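Shown next: start.cif, given as mmCIF, C-alpha atoms.
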data_start
#
loop_
_atom_site.group_PDB
_atom_site.id
_atom_site.type_symbol
_atom_site.label_atom_id
_atom_site.label_comp_id
_atom_site.auth_asym_id
_atom_site.auth_seq_id
_atom_site.Cartn_x
_atom_site.Cartn_y
_atom_site.Cartn_z
ATOM 1 C CA MET A 1 -18.986 13.233 6.589
ATOM 2 C CA ASN A 2 -21.701 11.848 8.840
ATOM 3 C CA ILE A 3 -20.736 12.140 12.533
ATOM 4 C CA TRP A 4 -21.133 8.380 13.099
ATOM 5 C CA LEU A 5 -18.867 7.642 10.155
ATOM 6 C CA GLN A 6 -16.348 10.120 11.587
ATOM 7 C CA ILE A 7 -16.466 8.367 14.961
ATOM 8 C CA ALA A 8 -16.172 4.921 13.346
ATOM 9 C CA SER A 9 -13.236 6.123 11.203
ATOM 10 C CA ALA A 10 -11.524 7.660 14.226
ATOM 11 C CA ALA A 11 -12.005 4.475 16.277
ATOM 12 C CA PHE A 12 -10.578 2.462 13.399
ATOM 13 C CA VAL A 13 -7.525 4.741 13.072
ATOM 14 C CA VAL A 14 -6.893 4.423 16.837
ATOM 15 C CA LEU A 15 -7.073 0.630 16.429
ATOM 16 C CA LEU A 16 -4.583 0.861 13.548
ATOM 17 C CA LEU A 17 -2.269 2.930 15.754
ATOM 18 C CA PHE A 18 -2.330 0.202 18.429
ATOM 19 C CA TYR A 19 -1.793 -2.431 15.739
ATOM 20 C CA LEU A 20 1.103 -0.595 14.074
ATOM 21 C CA TYR A 21 2.888 0.501 17.261
ATOM 22 C CA PRO A 22 4.514 -2.878 18.145
ATOM 23 C CA ALA A 23 5.688 -3.340 14.538
ATOM 24 C CA ALA A 24 7.120 0.183 14.481
ATOM 25 C CA LYS A 25 8.843 -0.354 17.846
ATOM 26 C CA HIS A 26 10.270 -3.698 16.706
ATOM 27 C CA TRP A 27 11.652 -2.322 13.437
ATOM 28 C CA MET A 28 13.087 0.800 15.091
ATOM 29 C CA GLN A 29 14.832 -1.208 17.818
ATOM 30 C CA ASN A 30 15.821 -4.393 15.982
ATOM 31 C CA GLY A 31 15.689 -3.474 12.307
ATOM 32 C CA PRO A 32 18.921 -3.599 10.319
ATOM 33 C CA LYS A 33 20.828 -0.341 10.191
ATOM 34 C CA ALA A 34 21.601 1.353 6.883
ATOM 35 C CA LYS A 35 25.061 0.873 5.440
ATOM 36 C CA LYS A 36 26.963 3.436 3.406
ATOM 37 C CA GLY A 37 25.094 4.219 0.197
ATOM 38 C CA ASP A 38 21.848 2.516 1.300
ATOM 39 C CA TRP A 39 19.860 5.718 1.852
ATOM 40 C CA GLN A 40 21.167 7.125 -1.427
ATOM 41 C CA ALA A 41 19.922 4.007 -3.249
ATOM 42 C CA ALA A 42 16.466 4.511 -1.696
ATOM 43 C CA ALA A 43 16.367 8.309 -2.038
ATOM 44 C CA ILE A 44 16.960 8.334 -5.808
ATOM 45 C CA PRO A 45 13.810 6.351 -6.764
ATOM 46 C CA LEU A 46 11.769 8.225 -4.125
ATOM 47 C CA LEU A 47 12.892 11.575 -5.569
ATOM 48 C CA LEU A 48 11.948 10.292 -9.019
ATOM 49 C CA VAL A 49 8.467 9.511 -7.636
ATOM 50 C CA VAL A 50 8.231 13.089 -6.293
ATOM 51 C CA GLY A 51 9.269 14.452 -9.705
ATOM 52 C CA PHE A 52 6.753 12.197 -11.437
ATOM 53 C CA VAL A 53 3.912 13.370 -9.167
ATOM 54 C CA ILE A 54 4.875 17.008 -9.889
ATOM 55 C CA LEU A 55 4.722 16.167 -13.612
ATOM 56 C CA LEU A 56 1.227 14.665 -13.158
ATOM 57 C CA ILE A 57 0.111 17.797 -11.282
ATOM 58 C CA ALA A 58 1.439 19.983 -14.129
ATOM 59 C CA MET A 59 -0.593 17.880 -16.570
ATOM 60 C CA VAL A 60 -3.913 18.482 -14.779
ATOM 61 C CA ARG A 61 -3.416 22.205 -14.109
ATOM 62 C CA MET B 1 27.618 -35.594 -0.489
ATOM 63 C CA ASN B 2 30.401 -33.220 0.592
ATOM 64 C CA THR B 3 29.998 -29.834 2.349
ATOM 65 C CA LEU B 4 30.241 -27.860 -0.912
ATOM 66 C CA ASP B 5 27.485 -29.929 -2.546
ATOM 67 C CA ARG B 6 25.254 -29.493 0.500
ATOM 68 C CA ALA B 7 25.907 -25.719 0.513
ATOM 69 C CA ILE B 8 25.102 -25.462 -3.212
ATOM 70 C CA GLY B 9 21.974 -27.583 -2.701
ATOM 71 C CA ARG B 10 20.800 -25.361 0.153
ATOM 72 C CA SER B 11 21.520 -22.202 -1.834
ATOM 73 C CA THR B 12 19.591 -23.537 -4.852
ATOM 74 C CA GLU B 13 16.654 -24.445 -2.594
ATOM 75 C CA THR B 14 16.617 -20.935 -1.085
ATOM 76 C CA THR B 15 16.770 -19.284 -4.516
ATOM 77 C CA PHE B 16 13.995 -21.561 -5.770
ATOM 78 C CA ALA B 17 11.804 -20.739 -2.730
ATOM 79 C CA THR B 18 12.461 -16.995 -3.140
ATOM 80 C CA ASN B 19 11.616 -17.072 -6.850
ATOM 81 C CA LYS B 20 8.449 -19.025 -6.069
ATOM 82 C CA VAL B 21 7.328 -16.407 -3.518
ATOM 83 C CA ILE B 22 8.016 -13.584 -6.005
ATOM 84 C CA LYS B 23 6.201 -15.376 -8.847
ATOM 85 C CA ASN B 24 3.185 -16.323 -6.690
ATOM 86 C CA THR B 25 2.985 -12.814 -5.209
ATOM 87 C CA TYR B 26 2.876 -11.092 -8.601
ATOM 88 C CA LEU B 27 0.389 -13.639 -9.966
ATOM 89 C CA LEU B 28 -1.908 -13.190 -6.958
ATOM 90 C CA LEU B 29 -1.441 -9.418 -7.026
ATOM 91 C CA SER B 30 -2.458 -9.310 -10.704
ATOM 92 C CA ALA B 31 -5.517 -11.471 -10.016
ATOM 93 C CA THR B 32 -6.589 -9.378 -6.987
ATOM 94 C CA LEU B 33 -6.102 -6.117 -8.916
ATOM 95 C CA ILE B 34 -8.267 -7.424 -11.776
ATOM 96 C CA PHE B 35 -10.922 -8.608 -9.302
ATOM 97 C CA SER B 36 -10.731 -5.299 -7.447
ATOM 98 C CA GLY B 37 -11.181 -3.415 -10.740
ATOM 99 C CA MET B 38 -14.222 -5.528 -11.590
ATOM 100 C CA MET B 39 -15.747 -4.784 -8.177
ATOM 101 C CA ALA B 40 -15.052 -1.060 -8.708
ATOM 102 C CA LEU B 41 -16.904 -1.263 -12.050
ATOM 103 C CA LEU B 42 -19.809 -3.024 -10.334
ATOM 104 C CA SER B 43 -19.989 -0.306 -7.682
ATOM 105 C CA LEU B 44 -19.826 2.387 -10.421
ATOM 106 C CA TYR B 45 -22.699 0.634 -12.216
ATOM 107 C CA LEU B 46 -24.751 0.434 -8.994
ATOM 108 C CA ALA B 47 -23.937 4.126 -8.220
ATOM 109 C CA VAL B 48 -23.348 3.415 -4.537
ATOM 110 C CA PRO B 49 -23.096 6.414 -2.151
ATOM 111 C CA VAL B 50 -19.658 7.804 -1.160
ATOM 112 C CA TRP B 51 -19.884 6.526 2.443
ATOM 113 C CA THR B 52 -19.606 3.005 0.992
ATOM 114 C CA TYR B 53 -15.890 3.732 0.583
ATOM 115 C CA THR B 54 -15.316 4.374 4.321
ATOM 116 C CA VAL B 55 -17.372 1.352 5.391
ATOM 117 C CA SER B 56 -15.732 -0.969 2.817
ATOM 118 C CA VAL B 57 -12.207 0.111 3.741
ATOM 119 C CA ILE B 58 -12.847 -0.255 7.488
ATOM 120 C CA VAL B 59 -14.370 -3.757 7.080
ATOM 121 C CA ALA B 60 -11.614 -4.834 4.659
ATOM 122 C CA MET B 61 -8.828 -3.563 6.928
ATOM 123 C CA LEU B 62 -10.402 -5.240 9.973
ATOM 124 C CA MET B 63 -10.368 -8.489 7.990
ATOM 125 C CA GLY B 64 -6.732 -7.766 7.139
ATOM 126 C CA ILE B 65 -5.884 -7.346 10.825
ATOM 127 C CA PHE B 66 -7.952 -10.128 12.404
ATOM 128 C CA VAL B 67 -8.781 -12.751 9.740
ATOM 129 C CA LEU B 68 -5.914 -12.740 7.239
ATOM 130 C CA PRO B 69 -3.097 -13.565 9.728
ATOM 131 C CA ARG B 70 -5.051 -16.676 10.868
ATOM 132 C CA THR B 71 -5.706 -17.936 7.353
ATOM 133 C CA ALA B 72 -2.644 -16.800 5.378
ATOM 134 C CA ASP B 73 -0.905 -20.174 5.757
ATOM 135 C CA SER B 74 -3.831 -22.126 4.322
ATOM 136 C CA SER B 75 -5.835 -22.090 1.104
ATOM 137 C CA ALA B 76 -8.570 -20.166 2.977
ATOM 138 C CA GLY B 77 -6.173 -17.215 2.880
ATOM 139 C CA LEU B 78 -6.758 -16.942 -0.870
ATOM 140 C CA GLY B 79 -10.499 -16.504 -0.322
ATOM 141 C CA VAL B 80 -9.837 -13.930 2.404
ATOM 142 C CA ILE B 81 -7.427 -11.886 0.256
ATOM 143 C CA PHE B 82 -9.957 -11.839 -2.597
ATOM 144 C CA ALA B 83 -12.705 -10.785 -0.165
ATOM 145 C CA ILE B 84 -10.520 -7.965 1.197
ATOM 146 C CA THR B 85 -9.401 -6.662 -2.198
ATOM 147 C CA GLY B 86 -12.901 -7.061 -3.675
ATOM 148 C CA LEU B 87 -14.368 -5.044 -0.822
ATOM 149 C CA MET B 88 -11.745 -2.337 -1.200
ATOM 150 C CA GLY B 89 -12.357 -2.233 -4.951
ATOM 151 C CA PHE B 90 -16.101 -1.930 -4.342
ATOM 152 C CA GLY B 91 -15.478 1.040 -2.039
ATOM 153 C CA LEU B 92 -13.098 2.572 -4.561
ATOM 154 C CA GLY B 93 -15.877 2.649 -7.171
ATOM 155 C CA ALA B 94 -17.816 5.110 -5.001
ATOM 156 C CA VAL B 95 -14.834 7.478 -4.830
ATOM 157 C CA ILE B 96 -14.062 7.131 -8.547
ATOM 158 C CA SER B 97 -17.687 7.965 -9.338
ATOM 159 C CA MET B 98 -17.371 11.153 -7.239
ATOM 160 C CA TYR B 99 -14.166 12.192 -9.062
ATOM 161 C CA LEU B 100 -15.648 11.398 -12.485
ATOM 162 C CA ASN B 101 -18.349 14.003 -11.809
ATOM 163 C CA LEU B 102 -15.760 16.749 -11.182
ATOM 164 C CA PRO B 103 -14.493 19.039 -13.986
ATOM 165 C CA ASN B 104 -11.564 17.183 -15.665
ATOM 166 C CA GLY B 105 -12.688 14.140 -13.647
ATOM 167 C CA PRO B 106 -12.017 11.455 -16.277
ATOM 168 C CA GLN B 107 -8.550 12.935 -16.890
ATOM 169 C CA THR B 108 -7.812 13.001 -13.139
ATOM 170 C CA VAL B 109 -8.903 9.372 -12.672
ATOM 171 C CA GLY B 110 -6.990 8.235 -15.771
ATOM 172 C CA LEU B 111 -3.801 10.017 -14.693
ATOM 173 C CA ALA B 112 -4.070 8.665 -11.133
ATOM 174 C CA LEU B 113 -4.541 5.136 -12.466
ATOM 175 C CA GLY B 114 -1.670 5.388 -14.972
ATOM 176 C CA GLY B 115 0.531 7.188 -12.431
ATOM 177 C CA THR B 116 -0.024 4.466 -9.844
ATOM 178 C CA GLY B 117 0.917 1.797 -12.386
ATOM 179 C CA VAL B 118 4.106 3.633 -13.385
ATOM 180 C CA ILE B 119 5.149 4.224 -9.752
ATOM 181 C CA PHE B 120 4.508 0.600 -8.711
ATOM 182 C CA LEU B 121 6.156 -1.011 -11.737
ATOM 183 C CA GLY B 122 9.115 1.395 -11.569
ATOM 184 C CA LEU B 123 9.808 0.877 -7.861
ATOM 185 C CA SER B 124 9.161 -2.855 -7.852
ATOM 186 C CA GLY B 125 11.298 -3.282 -10.979
ATOM 187 C CA TYR B 126 14.090 -1.248 -9.361
ATOM 188 C CA ALA B 127 14.020 -3.299 -6.144
ATOM 189 C CA LEU B 128 13.937 -6.577 -8.114
ATOM 190 C CA SER B 129 16.687 -5.692 -10.586
ATOM 191 C CA SER B 130 19.052 -3.950 -8.140
ATOM 192 C CA ARG B 131 18.525 -6.777 -5.579
ATOM 193 C CA ARG B 132 19.446 -4.268 -2.861
ATOM 194 C CA ASP B 133 18.306 -4.966 0.692
ATOM 195 C CA PHE B 134 15.937 -2.158 1.722
ATOM 196 C CA SER B 135 15.066 -3.717 5.089
ATOM 197 C CA PHE B 136 16.925 -0.831 6.795
ATOM 198 C CA MET B 137 13.881 1.306 5.819
ATOM 199 C CA GLY B 138 11.548 -0.703 8.115
ATOM 200 C CA GLY B 139 11.893 1.576 11.152
ATOM 201 C CA PHE B 140 11.492 4.716 9.045
ATOM 202 C CA ILE B 141 8.413 3.365 7.233
ATOM 203 C CA PHE B 142 6.568 2.096 10.315
ATOM 204 C CA ALA B 143 7.389 5.223 12.362
ATOM 205 C CA GLY B 144 6.235 7.320 9.390
ATOM 206 C CA MET B 145 2.981 5.362 9.257
ATOM 207 C CA LEU B 146 2.338 6.093 12.950
ATOM 208 C CA VAL B 147 2.858 9.814 12.328
ATOM 209 C CA MET B 148 0.546 9.692 9.291
ATOM 210 C CA MET B 149 -2.139 7.871 11.296
ATOM 211 C CA VAL B 150 -2.069 10.617 13.945
ATOM 212 C CA ALA B 151 -2.418 13.223 11.166
ATOM 213 C CA VAL B 152 -5.294 11.233 9.595
ATOM 214 C CA LEU B 153 -7.005 11.005 13.001
ATOM 215 C CA ALA B 154 -6.721 14.779 13.496
ATOM 216 C CA ASN B 155 -7.991 15.539 9.998
ATOM 217 C CA ILE B 156 -11.082 13.319 10.357
ATOM 218 C CA PHE B 157 -12.422 16.079 12.624
ATOM 219 C CA LEU B 158 -10.436 19.151 11.497
ATOM 220 C CA GLN B 159 -10.980 18.566 7.732
ATOM 221 C CA ILE B 160 -8.218 21.014 6.689
ATOM 222 C CA PRO B 161 -7.549 20.755 2.909
ATOM 223 C CA ALA B 162 -3.833 21.680 3.300
ATOM 224 C CA LEU B 163 -3.391 18.911 5.893
ATOM 225 C CA GLN B 164 -5.219 16.500 3.576
ATOM 226 C CA LEU B 165 -2.768 17.420 0.806
ATOM 227 C CA ALA B 166 0.192 16.888 3.163
ATOM 228 C CA ILE B 167 -1.224 13.499 4.262
ATOM 229 C CA ALA B 168 -1.757 12.388 0.642
ATOM 230 C CA SER B 169 1.798 13.460 -0.304
ATOM 231 C CA GLY B 170 3.225 11.737 2.762
ATOM 232 C CA PHE B 171 1.313 8.535 1.959
ATOM 233 C CA ILE B 172 2.680 8.457 -1.609
ATOM 234 C CA LEU B 173 6.251 8.718 -0.281
ATOM 235 C CA LEU B 174 5.716 6.185 2.522
ATOM 236 C CA MET B 175 3.927 3.670 0.290
ATOM 237 C CA SER B 176 6.641 4.086 -2.357
ATOM 238 C CA GLY B 177 9.204 3.301 0.331
ATOM 239 C CA PHE B 178 7.068 0.345 1.425
ATOM 240 C CA ILE B 179 7.072 -1.086 -2.125
ATOM 241 C CA LEU B 180 10.908 -0.999 -2.091
ATOM 242 C CA PHE B 181 10.923 -2.526 1.403
ATOM 243 C CA GLN B 182 8.367 -5.279 0.700
ATOM 244 C CA THR B 183 9.887 -6.247 -2.650
ATOM 245 C CA SER B 184 13.360 -6.498 -1.133
ATOM 246 C CA GLN B 185 11.902 -8.523 1.757
ATOM 247 C CA MET B 186 10.631 -11.046 -0.822
ATOM 248 C CA VAL B 187 13.961 -11.079 -2.683
ATOM 249 C CA HIS B 188 16.033 -11.558 0.488
ATOM 250 C CA GLY B 189 13.768 -14.112 2.159
ATOM 251 C CA GLY B 190 12.324 -11.778 4.828
ATOM 252 C CA GLU B 191 8.814 -12.471 3.524
ATOM 253 C CA THR B 192 8.039 -16.083 2.718
ATOM 254 C CA ASN B 193 4.232 -15.918 2.611
ATOM 255 C CA TYR B 194 2.958 -14.731 -0.761
ATOM 256 C CA ILE B 195 -0.498 -13.891 0.612
ATOM 257 C CA HIS B 196 0.987 -11.472 3.168
ATOM 258 C CA ALA B 197 3.285 -10.026 0.475
ATOM 259 C CA THR B 198 0.329 -9.545 -1.892
ATOM 260 C CA TYR B 199 -1.702 -7.832 0.830
ATOM 261 C CA GLY B 200 1.145 -5.407 1.597
ATOM 262 C CA LEU B 201 1.732 -4.549 -2.053
ATOM 263 C CA TYR B 202 -2.023 -4.235 -2.753
ATOM 264 C CA LEU B 203 -2.409 -1.782 0.154
ATOM 265 C CA SER B 204 0.522 0.266 -1.173
ATOM 266 C CA ILE B 205 -1.004 0.439 -4.653
ATOM 267 C CA PHE B 206 -4.450 1.273 -3.221
ATOM 268 C CA ASN B 207 -3.056 4.060 -1.024
ATOM 269 C CA ILE B 208 -0.935 5.530 -3.819
ATOM 270 C CA PHE B 209 -3.973 5.566 -6.147
ATOM 271 C CA ILE B 210 -6.265 7.225 -3.554
ATOM 272 C CA SER B 211 -3.562 9.775 -2.629
ATOM 273 C CA LEU B 212 -2.867 10.593 -6.287
ATOM 274 C CA LEU B 213 -6.616 11.028 -6.874
ATOM 275 C CA GLN B 214 -6.781 13.489 -3.972
ATOM 276 C CA ILE B 215 -3.712 15.461 -5.065
ATOM 277 C CA LEU B 216 -4.709 15.617 -8.742
ATOM 278 C CA GLY B 217 -8.320 16.377 -7.742
ATOM 279 C CA ILE B 218 -7.176 19.319 -5.589
ATOM 280 C CA PHE B 219 -4.765 20.749 -8.184
ATOM 281 C CA GLY B 220 -6.949 19.956 -11.183
ATOM 282 C CA GLY B 221 -10.154 21.472 -9.746
ATOM 283 C CA ASP B 222 -11.476 24.853 -10.810
ATOM 284 C CA GLU B 223 -11.706 26.173 -7.245
#
Could you render the structure as structure tokens?
Amino acid sequence: MNIWLQIASAAFVVLLLFYLYPAAKHWMQNGPKAKKGDWQAAAIPLLLVVGFVILLIAMVR
Amino acid sequence: MNTLDRAIGRSTETTFATNKVIKNTYLLLSATLIFSGMMALLSLYLAVPVWTYTVSVIVAMLMGIFVLPRTADSSAGLGVIFAITGLMGFGLGAVISMYLNLPNGPQTVGLALGGTGVIFLGLSGYALSSRRDFSFMGGFIFAGMLVMMVAVLANIFLQIPALQLAIASGFILLMSGFILFQTSQMVHGGETNYIHATYGLYLSIFNIFISLLQILGIFGGDE
């Protein structure tokens, strides 16, 4: 990648970090806490996504 | 009108507003995806160089940060969201063209496209049908995004393929979580602006597609 594009990309990512930080702080401090079974309900579809990606990788190998 | 009637009336209004946000979001998302695809085809036809992708994404995301929040409550927001997604689609064409020239390129692009569709429809369908509240994932998702951004920043200069693979895998998981989060936000009234909701879902789909392309490109390559 061209050095100027690298610098522009890096500057943009730093800007994104500044932009995302307040949202992350807000959600970590004030976001609702998980109740019993909540993480399980989220983990199952996410694990299915992982399995699906592994299947796609097996198809291209 | 007694208290019960008022409560039922309010509940019906809320349900109606929620359904309207969901319907408008998916309609706008479909339209922006079609427009984005057309712009990708145009960029494929014009055979634009690969750096177009970086420039398009940076300009589109800057519009997403600075212009979209100011216009999302007016009809101008529709024009802005189409400009953002069109620009991102145009940049995507440059990357797709690069992958199409690789061995097994058409298969990689086809699988990434189909895979993205399956992941999005599956997760969104799950969040809509289960009607579970995934807002508890907000802290995890945003903190995860910060970590990923630091990794992306490091890899702009380091350019380590293993780190790139880890970033792409992490993005697929985070964006999958974000689809659950955003969809449940719409269902439970946490997101009432369909332009913001569309932008969030579009970014998730875009990131999942790019990450899948990278992963399948790495594993499907001859080297």
Taking 2 positions as the minimum chain separation for residues in the same chain, which residues sit within 9 Å of range 120-133 of chain B when counting all atoms listed in the file? Answer as a PDB file with C-alpha atoms, keeping the file's coordinate frame.
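Final file, result-v2.pdb:
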ATOM      1  CA  ASP A  38      21.848   2.516   1.300  1.00  0.00           C
ATOM      2  CA  ALA A  41      19.922   4.007  -3.249  1.00  0.00           C
ATOM      3  CA  PRO A  45      13.810   6.351  -6.764  1.00  0.00           C
ATOM      4  CA  LEU A  46      11.769   8.225  -4.125  1.00  0.00           C
ATOM      5  CA  VAL A  49       8.467   9.511  -7.636  1.00  0.00           C
TER       6      VAL A  49
ATOM      7  CA  GLY B 115       0.531   7.188 -12.431  1.00  0.00           C
ATOM      8  CA  THR B 116      -0.024   4.466  -9.844  1.00  0.00           C
ATOM      9  CA  GLY B 117       0.917   1.797 -12.386  1.00  0.00           C
ATOM     10  CA  VAL B 118       4.106   3.633 -13.385  1.00  0.00           C
ATOM     11  CA  SER B 135      15.066  -3.717   5.089  1.00  0.00           C
ATOM     12  CA  PHE B 136      16.925  -0.831   6.795  1.00  0.00           C
ATOM     13  CA  SER B 176       6.641   4.086  -2.357  1.00  0.00           C
ATOM     14  CA  GLY B 177       9.204   3.301   0.331  1.00  0.00           C
ATOM     15  CA  ILE B 179       7.072  -1.086  -2.125  1.00  0.00           C
ATOM     16  CA  LEU B 180      10.908  -0.999  -2.091  1.00  0.00           C
ATOM     17  CA  PHE B 181      10.923  -2.526   1.403  1.00  0.00           C
ATOM     18  CA  GLN B 182       8.367  -5.279   0.700  1.00  0.00           C
ATOM     19  CA  THR B 183       9.887  -6.247  -2.650  1.00  0.00           C
ATOM     20  CA  SER B 184      13.360  -6.498  -1.133  1.00  0.00           C
ATOM     21  CA  GLN B 185      11.902  -8.523   1.757  1.00  0.00           C
ATOM     22  CA  VAL B 187      13.961 -11.079  -2.683  1.00  0.00           C
ATOM     23  CA  HIS B 188      16.033 -11.558   0.488  1.00  0.00           C
ATOM     24  CA  LEU B 201       1.732  -4.549  -2.053  1.00  0.00           C
ATOM     25  CA  SER B 204       0.522   0.266  -1.173  1.00  0.00           C
ATOM     26  CA  ILE B 205      -1.004   0.439  -4.653  1.00  0.00           C
ATOM     27  CA  ILE B 208      -0.935   5.530  -3.819  1.00  0.00           C
TER      28      ILE B 208
END
Residues of chain A within 8 Å of chain B, counting all atoms listed in the file - could you list those as a VMD selection string?
chain A and resid 1 5 to 6 9 to 10 12 to 14 16 to 17 20 to 21 23 to 29 31 to 34 38 42 45 to 46 49 to 50 53 56 to 57 60 to 61
Please return the centre and edge lengths, in Å to one decimal, of a box with edges along x, y and z that contains all listed atoms of range 6-9 of chain A, widened by 8 Å on every side, as AutoDock Vina command-line options.
--center_x -14.9 --center_y 7.5 --center_z 13.1 --size_x 19.2 --size_y 21.2 --size_z 19.8
Taken to one decimal, the CA of Leu28 in chain B-CA of Met186 in chain B distance is 14.1 Å
Kindly resolve the PyMOL selection byres ((chain B and resi 68) around 12) on the present coordinates and return the residues as a PyMOL selection string. chain B and resi 60-67+69-85+193+195-200
Students should find that CA of Gly86 in chain B and CA of Ser30 in chain B are spaced 12.8 Å
- Mind giving me the straight-line distance from CA of Leu165 in chain B to CA of Gly37 in chain B in Å, one decimal?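 Result for CA of Leu165 in chain B versus CA of Gly37 in chain B: 25.3 Å, one decimal.
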Nearest to Thr14 in chain B, restricted to only C-alpha atoms and choosing among B:Ala166, B:Ile210, B:Gly190, B:Met175, comes out as B:Gly190
ask   = Which is closest to Glu13 in chain B among B:Gly189, B:Phe206, B:Tyr53, B:Leu102, if we use all atoms listed in the file?
value =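 Of the candidates, the smallest distance to Glu13 in chain B is held by B:Gly189.
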Using the partial input, fill out range 46-58 of chain A with N, CA, C and O atoms; write the result as a short mmCIF file (atom, residue, chain, number, x, y, z; two decimals), in the coordinates of the input.
data_model
loop_
_atom_site.label_atom_id
_atom_site.label_comp_id
_atom_site.auth_asym_id
_atom_site.auth_seq_id
_atom_site.Cartn_x
_atom_site.Cartn_y
_atom_site.Cartn_z
N LEU A 46 12.83 7.46 -4.80
CA LEU A 46 11.77 8.22 -4.12
C LEU A 46 11.71 9.66 -4.67
O LEU A 46 10.62 10.22 -4.84
N LEU A 47 12.88 10.23 -4.97
CA LEU A 47 12.89 11.58 -5.57
C LEU A 47 12.30 11.54 -6.97
O LEU A 47 11.63 12.49 -7.40
N LEU A 48 12.55 10.45 -7.68
CA LEU A 48 11.95 10.29 -9.02
C LEU A 48 10.42 10.23 -8.92
O LEU A 48 9.72 10.78 -9.76
N VAL A 49 9.92 9.57 -7.86
CA VAL A 49 8.47 9.51 -7.64
C VAL A 49 7.93 10.92 -7.40
O VAL A 49 6.90 11.32 -7.98
N VAL A 50 8.65 11.70 -6.57
CA VAL A 50 8.23 13.09 -6.29
C VAL A 50 8.18 13.88 -7.61
O VAL A 50 7.18 14.57 -7.90
N GLY A 51 9.22 13.76 -8.42
CA GLY A 51 9.27 14.45 -9.70
C GLY A 51 8.12 14.02 -10.61
O GLY A 51 7.49 14.85 -11.28
N PHE A 52 7.82 12.73 -10.59
CA PHE A 52 6.75 12.20 -11.44
C PHE A 52 5.39 12.75 -11.00
O PHE A 52 4.56 13.11 -11.84
N VAL A 53 5.18 12.83 -9.68
CA VAL A 53 3.91 13.37 -9.17
C VAL A 53 3.78 14.85 -9.55
O VAL A 53 2.71 15.31 -9.96
N ILE A 54 4.90 15.59 -9.48
CA ILE A 54 4.88 17.01 -9.89
C ILE A 54 4.51 17.10 -11.38
O ILE A 54 3.73 17.97 -11.78
N LEU A 55 5.05 16.20 -12.17
CA LEU A 55 4.72 16.17 -13.61
C LEU A 55 3.22 15.91 -13.82
O LEU A 55 2.57 16.57 -14.64
N LEU A 56 2.66 14.97 -13.05
CA LEU A 56 1.23 14.66 -13.16
C LEU A 56 0.39 15.88 -12.77
O LEU A 56 -0.62 16.20 -13.42
N ILE A 57 0.84 16.59 -11.72
CA ILE A 57 0.11 17.80 -11.28
C ILE A 57 0.14 18.84 -12.40
O ILE A 57 -0.88 19.46 -12.72
N ALA A 58 1.32 19.01 -13.02
CA ALA A 58 1.44 19.98 -14.13
C ALA A 58 0.50 19.60 -15.28
O ALA A 58 -0.01 20.48 -15.98
#
